[in-house]
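Engineer: I'm passing along coords_34.csv; it holds CSV, C-alpha atoms and all ligand atoms.
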chain,number,residue,atom,x,y,z
A,5,MET,CA,87.8,-35.4,8.2
A,6,ASP,CA,87.0,-35.3,4.5
A,7,MET,CA,86.2,-32.0,2.8
A,8,ASN,CA,83.3,-33.6,1.1
A,9,SER,CA,80.6,-33.9,3.7
A,10,VAL,CA,78.9,-37.0,2.1
A,11,ILE,CA,82.2,-38.9,1.9
A,12,ASP,CA,82.9,-37.7,5.5
A,13,ALA,CA,79.6,-39.1,6.7
A,14,ILE,CA,80.1,-42.4,4.9
A,15,LYS,CA,83.6,-42.8,6.4
A,16,SER,CA,83.0,-41.5,9.9
A,17,ARG,CA,79.6,-43.0,10.8
A,18,ARG,CA,80.1,-45.8,13.3
A,19,ALA,CA,77.8,-48.4,14.8
A,20,ILE,CA,76.9,-46.8,18.1
A,21,ARG,CA,75.8,-49.0,21.0
A,22,ASN,CA,76.1,-46.7,24.0
A,23,PHE,CA,73.8,-43.7,24.4
A,24,GLU,CA,73.2,-40.6,26.5
A,25,ASP,CA,70.0,-40.8,28.4
A,26,LYS,CA,68.5,-38.1,26.2
A,27,PRO,CA,65.5,-38.5,23.8
A,28,VAL,CA,65.8,-37.9,20.0
A,29,PRO,CA,63.6,-34.9,19.3
A,30,ASP,CA,60.6,-35.3,17.1
A,31,SER,CA,62.0,-32.8,14.6
A,32,ALA,CA,65.1,-35.1,14.2
A,33,ILE,CA,62.8,-38.2,13.8
A,34,GLN,CA,61.0,-36.3,11.0
A,35,THR,CA,64.4,-35.5,9.3
A,36,LEU,CA,65.4,-39.2,9.5
A,37,LEU,CA,62.0,-40.3,8.0
A,38,GLU,CA,62.3,-37.8,5.2
A,39,ALA,CA,65.8,-38.9,4.4
A,40,ALA,CA,64.6,-42.5,4.2
A,41,THR,CA,61.9,-41.5,1.7
A,42,TYR,CA,64.6,-40.0,-0.6
A,43,ALA,CA,66.3,-43.4,-1.0
A,44,PRO,CA,66.2,-45.0,-4.5
A,45,SER,CA,63.8,-47.8,-5.0
A,46,ALA,CA,63.2,-50.3,-7.7
A,47,ILE,CA,60.7,-48.9,-10.3
A,48,ASN,CA,60.3,-46.1,-7.7
A,49,ILE,CA,57.8,-48.3,-5.8
A,50,GLN,CA,58.8,-46.7,-2.4
A,51,PRO,CA,57.7,-49.8,-0.6
A,52,TRP,CA,58.6,-48.6,2.9
A,53,LYS,CA,56.6,-48.0,6.0
A,54,PHE,CA,58.0,-47.2,9.5
A,55,THR,CA,57.3,-48.2,13.1
A,56,ILE,CA,58.7,-45.8,15.6
A,57,ILE,CA,59.4,-46.9,19.2
A,58,THR,CA,60.6,-44.7,22.0
A,59,ASN,CA,59.2,-46.8,24.8
A,60,LYS,CA,62.1,-48.6,26.4
A,61,ALA,CA,59.9,-51.1,28.2
A,62,GLU,CA,58.5,-52.2,24.8
A,63,MET,CA,62.0,-52.4,23.4
A,64,LYS,CA,63.0,-54.6,26.3
A,65,ARG,CA,60.0,-56.8,25.8
A,66,LEU,CA,60.9,-57.3,22.1
A,67,SER,CA,64.6,-57.9,23.1
A,68,ASP,CA,63.5,-60.6,25.6
A,69,MET,CA,61.4,-62.2,23.0
A,70,ALA,CA,64.1,-62.2,20.3
A,71,LYS,CA,66.9,-63.6,22.4
A,72,PRO,CA,65.8,-67.2,23.0
A,73,SER,CA,64.7,-67.7,19.4
A,74,LEU,CA,68.0,-66.3,18.2
A,75,ILE,CA,70.0,-68.7,20.5
A,76,ARG,CA,68.0,-71.6,19.0
A,77,ALA,CA,68.5,-70.4,15.5
A,78,LEU,CA,72.3,-69.7,15.6
A,79,PRO,CA,74.4,-72.6,14.5
A,80,ASP,CA,76.6,-74.4,17.1
A,81,VAL,CA,79.9,-73.8,15.3
A,82,GLY,CA,83.1,-72.7,17.0
A,83,ASP,CA,83.2,-69.4,15.2
A,84,GLU,CA,84.5,-66.8,17.7
A,85,GLY,CA,82.0,-64.1,16.7
A,86,LEU,CA,79.1,-66.5,17.0
A,87,VAL,CA,80.2,-67.9,20.3
A,88,GLY,CA,80.5,-64.3,21.7
A,89,LEU,CA,77.0,-63.4,20.3
A,90,LYS,CA,75.5,-66.5,21.9
A,91,ARG,CA,77.1,-65.6,25.2
A,92,ARG,CA,75.7,-62.1,25.1
A,93,LEU,CA,72.2,-63.3,24.1
A,94,SER,CA,72.2,-65.7,27.1
A,95,ASP,CA,72.9,-62.8,29.5
A,96,PRO,CA,69.5,-61.7,31.0
A,97,GLN,CA,70.9,-58.1,31.3
A,98,PHE,CA,71.8,-57.9,27.6
A,99,ASN,CA,69.3,-55.8,25.6
A,100,ILE,CA,69.7,-56.3,21.8
A,101,PHE,CA,68.6,-52.6,21.5
A,102,TYR,CA,71.3,-51.4,23.9
A,103,ASN,CA,68.8,-49.2,25.8
A,104,ALA,CA,68.7,-46.8,22.9
A,105,PRO,CA,66.1,-44.0,23.1
A,106,LEU,CA,64.7,-44.6,19.6
A,107,LEU,CA,64.1,-47.7,17.5
A,108,ILE,CA,62.8,-47.5,13.9
A,109,PHE,CA,61.6,-50.6,12.0
A,110,VAL,CA,61.5,-50.3,8.2
A,111,SER,CA,59.0,-52.6,6.6
A,112,GLY,CA,58.4,-53.1,2.9
A,113,VAL,CA,55.4,-54.3,0.9
A,114,LYS,CA,56.1,-57.9,-0.1
A,115,SER,CA,57.8,-57.5,-3.5
A,116,LEU,CA,60.9,-58.6,-5.3
A,117,TYR,CA,63.2,-55.7,-4.4
A,118,ALA,CA,61.7,-54.5,-1.1
A,119,VAL,CA,64.7,-55.8,0.9
A,120,TYR,CA,67.1,-53.6,-1.1
A,121,ASP,CA,64.8,-50.6,-1.1
A,122,CYS,CA,64.3,-50.8,2.7
A,123,SER,CA,68.0,-51.3,3.3
A,124,MET,CA,68.8,-48.1,1.3
A,125,ALA,CA,66.1,-46.2,3.2
A,126,ALA,CA,67.8,-47.5,6.4
A,127,GLN,CA,71.2,-46.4,5.3
A,128,ASN,CA,69.9,-42.9,4.4
A,129,MET,CA,68.5,-42.7,8.0
A,130,MET,CA,71.8,-43.7,9.5
A,131,LEU,CA,73.8,-41.2,7.4
A,132,ALA,CA,71.2,-38.4,8.1
A,133,ALA,CA,71.4,-39.3,11.8
A,134,TYR,CA,75.2,-38.9,11.7
A,135,SER,CA,74.9,-35.5,10.1
A,136,LEU,CA,72.7,-34.5,13.1
A,137,GLY,CA,75.1,-35.8,15.7
A,138,ILE,CA,72.9,-38.8,16.3
A,139,GLY,CA,74.4,-42.3,16.5
A,140,SER,CA,72.8,-45.4,15.1
A,141,CYS,CA,73.2,-49.1,14.7
A,142,TRP,CA,71.4,-51.6,12.5
A,143,ILE,CA,70.0,-54.4,14.7
A,144,GLY,CA,69.8,-57.5,12.5
A,145,THR,CA,69.0,-59.7,15.5
A,146,ALA,CA,65.6,-58.0,15.8
A,147,VAL,CA,64.2,-58.8,12.4
A,148,HIS,CA,63.3,-62.5,12.9
A,149,THR,CA,61.1,-61.8,15.9
A,150,ALA,CA,59.7,-58.6,14.3
A,151,ASN,CA,58.3,-60.8,11.5
A,152,ASP,CA,56.4,-63.1,13.9
A,153,PRO,CA,52.8,-62.5,13.0
A,154,LYS,CA,51.8,-61.5,16.5
A,155,VAL,CA,54.7,-59.1,16.9
A,156,LYS,CA,54.2,-57.7,13.4
A,157,ALA,CA,50.6,-56.9,14.4
A,158,ASP,CA,51.9,-55.2,17.6
A,159,LEU,CA,54.2,-53.1,15.4
A,160,GLY,CA,51.4,-52.0,13.2
A,161,VAL,CA,52.9,-53.8,10.2
A,162,PRO,CA,50.3,-55.0,7.7
A,163,GLU,CA,50.2,-58.7,6.7
A,164,ASP,CA,51.4,-58.0,3.2
A,165,TYR,CA,54.5,-56.2,4.5
A,166,GLU,CA,57.7,-57.7,5.8
A,167,VAL,CA,60.0,-56.1,8.4
A,168,HIS,CA,63.5,-55.7,6.8
A,169,ALA,CA,65.4,-53.4,9.1
A,170,ALA,CA,65.6,-52.4,12.7
A,171,ILE,CA,67.8,-49.3,13.5
A,172,ILE,CA,68.4,-47.8,16.9
A,173,PHE,CA,69.3,-44.1,17.3
A,174,GLY,CA,70.5,-41.9,20.1
A,175,TYR,CA,73.1,-39.4,21.1
A,176,PRO,CA,76.4,-41.3,21.4
A,177,LYS,CA,78.1,-41.7,24.7
A,178,GLY,CA,81.6,-42.0,23.1
A,179,VAL,CA,82.3,-43.1,19.6
A,180,PRO,CA,84.2,-46.4,19.1
A,181,LYS,CA,87.3,-46.6,17.0
A,182,ALA,CA,86.7,-47.5,13.4
A,183,PRO,CA,86.9,-51.2,12.8
A,184,LEU,CA,89.3,-52.3,10.2
A,185,LYS,CA,87.9,-51.7,6.8
A,186,ARG,CA,89.4,-53.9,4.1
A,187,PRO,CA,90.2,-52.3,0.8
A,188,ALA,CA,87.8,-53.1,-2.0
A,189,GLN,CA,88.7,-56.2,-3.8
A,190,VAL,CA,88.2,-55.8,-7.5
A,191,LEU,CA,87.6,-59.2,-9.0
A,192,LYS,CA,88.1,-58.1,-12.5
A,193,ARG,CA,88.0,-55.0,-14.5
A,194,ILE,CA,86.8,-55.1,-18.0
A,195,ASP,CA,87.6,-52.0,-19.9
B,201,LIG,C1,72.6,-56.2,8.3
B,201,LIG,C2,73.3,-55.7,9.6
B,201,LIG,C3,73.0,-56.3,10.8
B,201,LIG,C4,73.6,-55.9,12.0
B,201,LIG,N1,73.1,-56.4,13.1
B,201,LIG,C5,73.7,-56.0,14.3
B,201,LIG,C6,73.2,-56.5,15.5
B,201,LIG,O1,72.2,-57.3,15.6
B,201,LIG,N2,73.7,-56.0,16.7
B,201,LIG,C7,74.8,-55.1,16.7
B,201,LIG,O2,75.2,-54.7,17.8
B,201,LIG,N3,75.3,-54.6,15.5
B,201,LIG,C8,74.7,-55.0,14.3
B,201,LIG,N4,75.2,-54.5,13.1
B,201,LIG,C9,76.3,-53.5,13.1
B,201,LIG,C10,77.6,-54.1,12.7
B,201,LIG,O3,78.1,-54.9,13.7
B,201,LIG,C11,78.6,-52.9,12.3
B,201,LIG,O4,78.0,-52.1,11.3
B,201,LIG,C12,79.9,-53.4,11.9
B,201,LIG,O5,80.6,-54.0,13.0
B,201,LIG,C13,80.8,-52.4,11.3
B,201,LIG,O6,81.0,-51.3,12.2
B,201,LIG,P1,80.7,-49.8,11.7
B,201,LIG,O7,79.2,-49.7,11.4
B,201,LIG,O8,81.0,-48.9,12.8
B,201,LIG,O9,81.5,-49.5,10.4
B,201,LIG,C14,74.6,-54.9,11.9
B,201,LIG,C15,74.9,-54.3,10.7
B,201,LIG,C16,74.3,-54.7,9.6
B,201,LIG,C17,74.7,-54.0,8.3
When written as structure tokens, how does the structure in this file appear?
Ligand SMILES: Cc1cc2nc3c(=O)[nH]c(=O)nc-3n(C[C@H](O)[C@H](O)[C@H](O)COP(=O)(O)O)c2cc1C
Structural biologist:
Amino acid sequence: MDMNSVIDAIKSRRAIRNFEDKPVPDSAIQTLLEAATYAPSAINIQPWKFTIITNKAEMKRLSDMAKPSLIRALPDVGDEGLVGLKRRLSDPQFNIFYNAPLLIFVSGVKSLYAVYDCSMAAQNMMLAAYSLGIGSCWIGTAVHTANDPKVKADLGVPEDYEVHAAIIFGYPKGVPKAPLKRPAQVLKRID
């Protein structure tokens, strides 16, 4: 545990995929959203809007839609990670949102830097969640389907916005061991 709480949160936050059957209270959701809005953004455009889903049936519907298109989209190469992912996606029981009690999509108005701005907002939410004892995981596999025009409309995302991030939240049922974090590779230092 680091003495600096920001560094501690950065280092100790883990991708959480196993959750207690307990909702995230609205007050915590508000804290996450507020943390998101404090993210930096290019020319301070603050391009983000949020879709909040606590309905597990809706998450399962989105997961079931996402899986077949992901299997089609993923390349057929022998990479171990990809093979494992394809196998999981082919399992009818597998839910890409891991039955989390809360899912937040971050969408940005179509603009040059929105993807970076929304990613920073998403990271703020994940670190804020950690500080509240709430686990989170970025679900990249959700974004392609979320940008399907019909799904976008279901999510309340305006046509001139694009979904950039999907983050699940919930109280962790156990915290996984930290994966190996490689030291930073400095390509060059120019003093
Ligand atoms: C852009 C992005 C997409 C990700 N997509 C998924 C995903 O679809 N499913 C999943 O289980 N984890 C996903 N993750 C979580 C990563 O697997 C996780 O962050 C990584 O293994 C490192 O673990 P840590 O977050 O505990 O440090 C994603 C993370 C990022 C940043």
Engineer: What is the atom CA of Leu89 of chain A to atom CA of Val155 of chain A distance in Å?
Structural biologist: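 Value for the atom CA of Leu89 of chain A-atom CA of Val155 of chain A distance: 23.0 Å.
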Engineer: Choose the residue, out of A:Phe23, A:Tyr120, A:Phe54, A:Trp142, that has the smallest atom-to-atom separation from ligand LIG 201 (chain B); count only C-alpha atoms and all ligand atoms.
Structural biologist: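 Among A:Phe23, A:Tyr120, A:Phe54, A:Trp142, it is A:Trp142 that comes nearest to ligand LIG 201 (chain B).
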Engineer: Between A:Leu116, A:Pro96, A:Gly137, A:Ile14, which has the minimum distance to Arg65 of chain A (counting only C-alpha atoms)?
Structural biologist: A:Pro96
Engineer: Could you pull the residues within 10 Å of Ile171 of chain A, counting all atoms listed in the file, minus those fewer than 6 positions along the same chain, as number ranges by chain?
Structural biologist: A: 56, 101, 104, 106-110, 126-127, 129-130, 140-144, 146
Engineer: What is the distance, in Å and to one decimal place, between atom O6 of ligand LIG 201 (chain B) and atom CA of Ser16 of chain A?
Structural biologist: 10.3 Å
Engineer: Quick one: residues within 8 Å of Val179 of chain A, all atoms listed in the file, excluding same-chain residues fewer than 3 positions away - as a PDB file with C-alpha atoms, in the frame of the given file?
Structural biologist:
ATOM      1  CA  ARG A  18      80.100 -45.800  13.300  1.00  0.00           C
ATOM      2  CA  ILE A  20      76.900 -46.800  18.100  1.00  0.00           C
ATOM      3  CA  PRO A 176      76.400 -41.300  21.400  1.00  0.00           C
TER       4      PRO A 176
END
Engineer: Compare A:Asn128, A:Gln50, A:Ser67, A:Ser115 by their minimum atom-to-atom distance to Asp164 of chain A, counting all atoms listed in the file, and give me the closest one.
Structural biologist: A:Ser115
Engineer: Just checking: using all atoms listed in the file, which residue out of A:Ala19, A:Ala157, A:Ile75, A:Val190 ends up closest to ligand LIG 201 (chain B)?
Structural biologist: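 That would be A:Ala19, the residue with the smallest distance to ligand LIG 201 (chain B).
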Engineer: Counting all atoms listed in the file, figure out which residue out of A:Lys71, A:Lys64, A:Lys53, A:Lys177 gets nearest to ligand LIG 201 (chain B).
Structural biologist: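 Between A:Lys71, A:Lys64, A:Lys53, A:Lys177, the residue approaching ligand LIG 201 (chain B) most closely is A:Lys71.
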Engineer: Hey, can you check how far atom CA of Gly112 of chain A sits from atom CA of Val167 of chain A?
Structural biologist: 6.5 Å
Engineer: For Val147 of chain A, list every protein, DNA or RNA residue within 7 Å, evaluated using only C-alpha atoms, and leave out those in the same chain fewer than 3 positions away; present the list as a ChimeraX atom specification.
Structural biologist: /A:144,150-151,167-170
Engineer: Pick from A:Pro44, A:Pro51, A:Gly88, A:Pro180: nearest to Ser111 of chain A, with only C-alpha atoms counted?
Structural biologist: A:Pro51
Engineer: Would you mind listing what lies within 12 Å of Thr35 of chain A as a list in words, with all atoms listed in the file counted and same-chain residues fewer than 2 positions away left out?
Structural biologist: Val28, Pro29, Asp30, Ser31, Ala32, Ile33, Leu37, Glu38, Ala39, Ala40, Thr41, Tyr42, Asn128, Met129, Met130, Leu131, Ala132, Ala133, Tyr134, Ser135, Leu136 and Ile138 of chain A
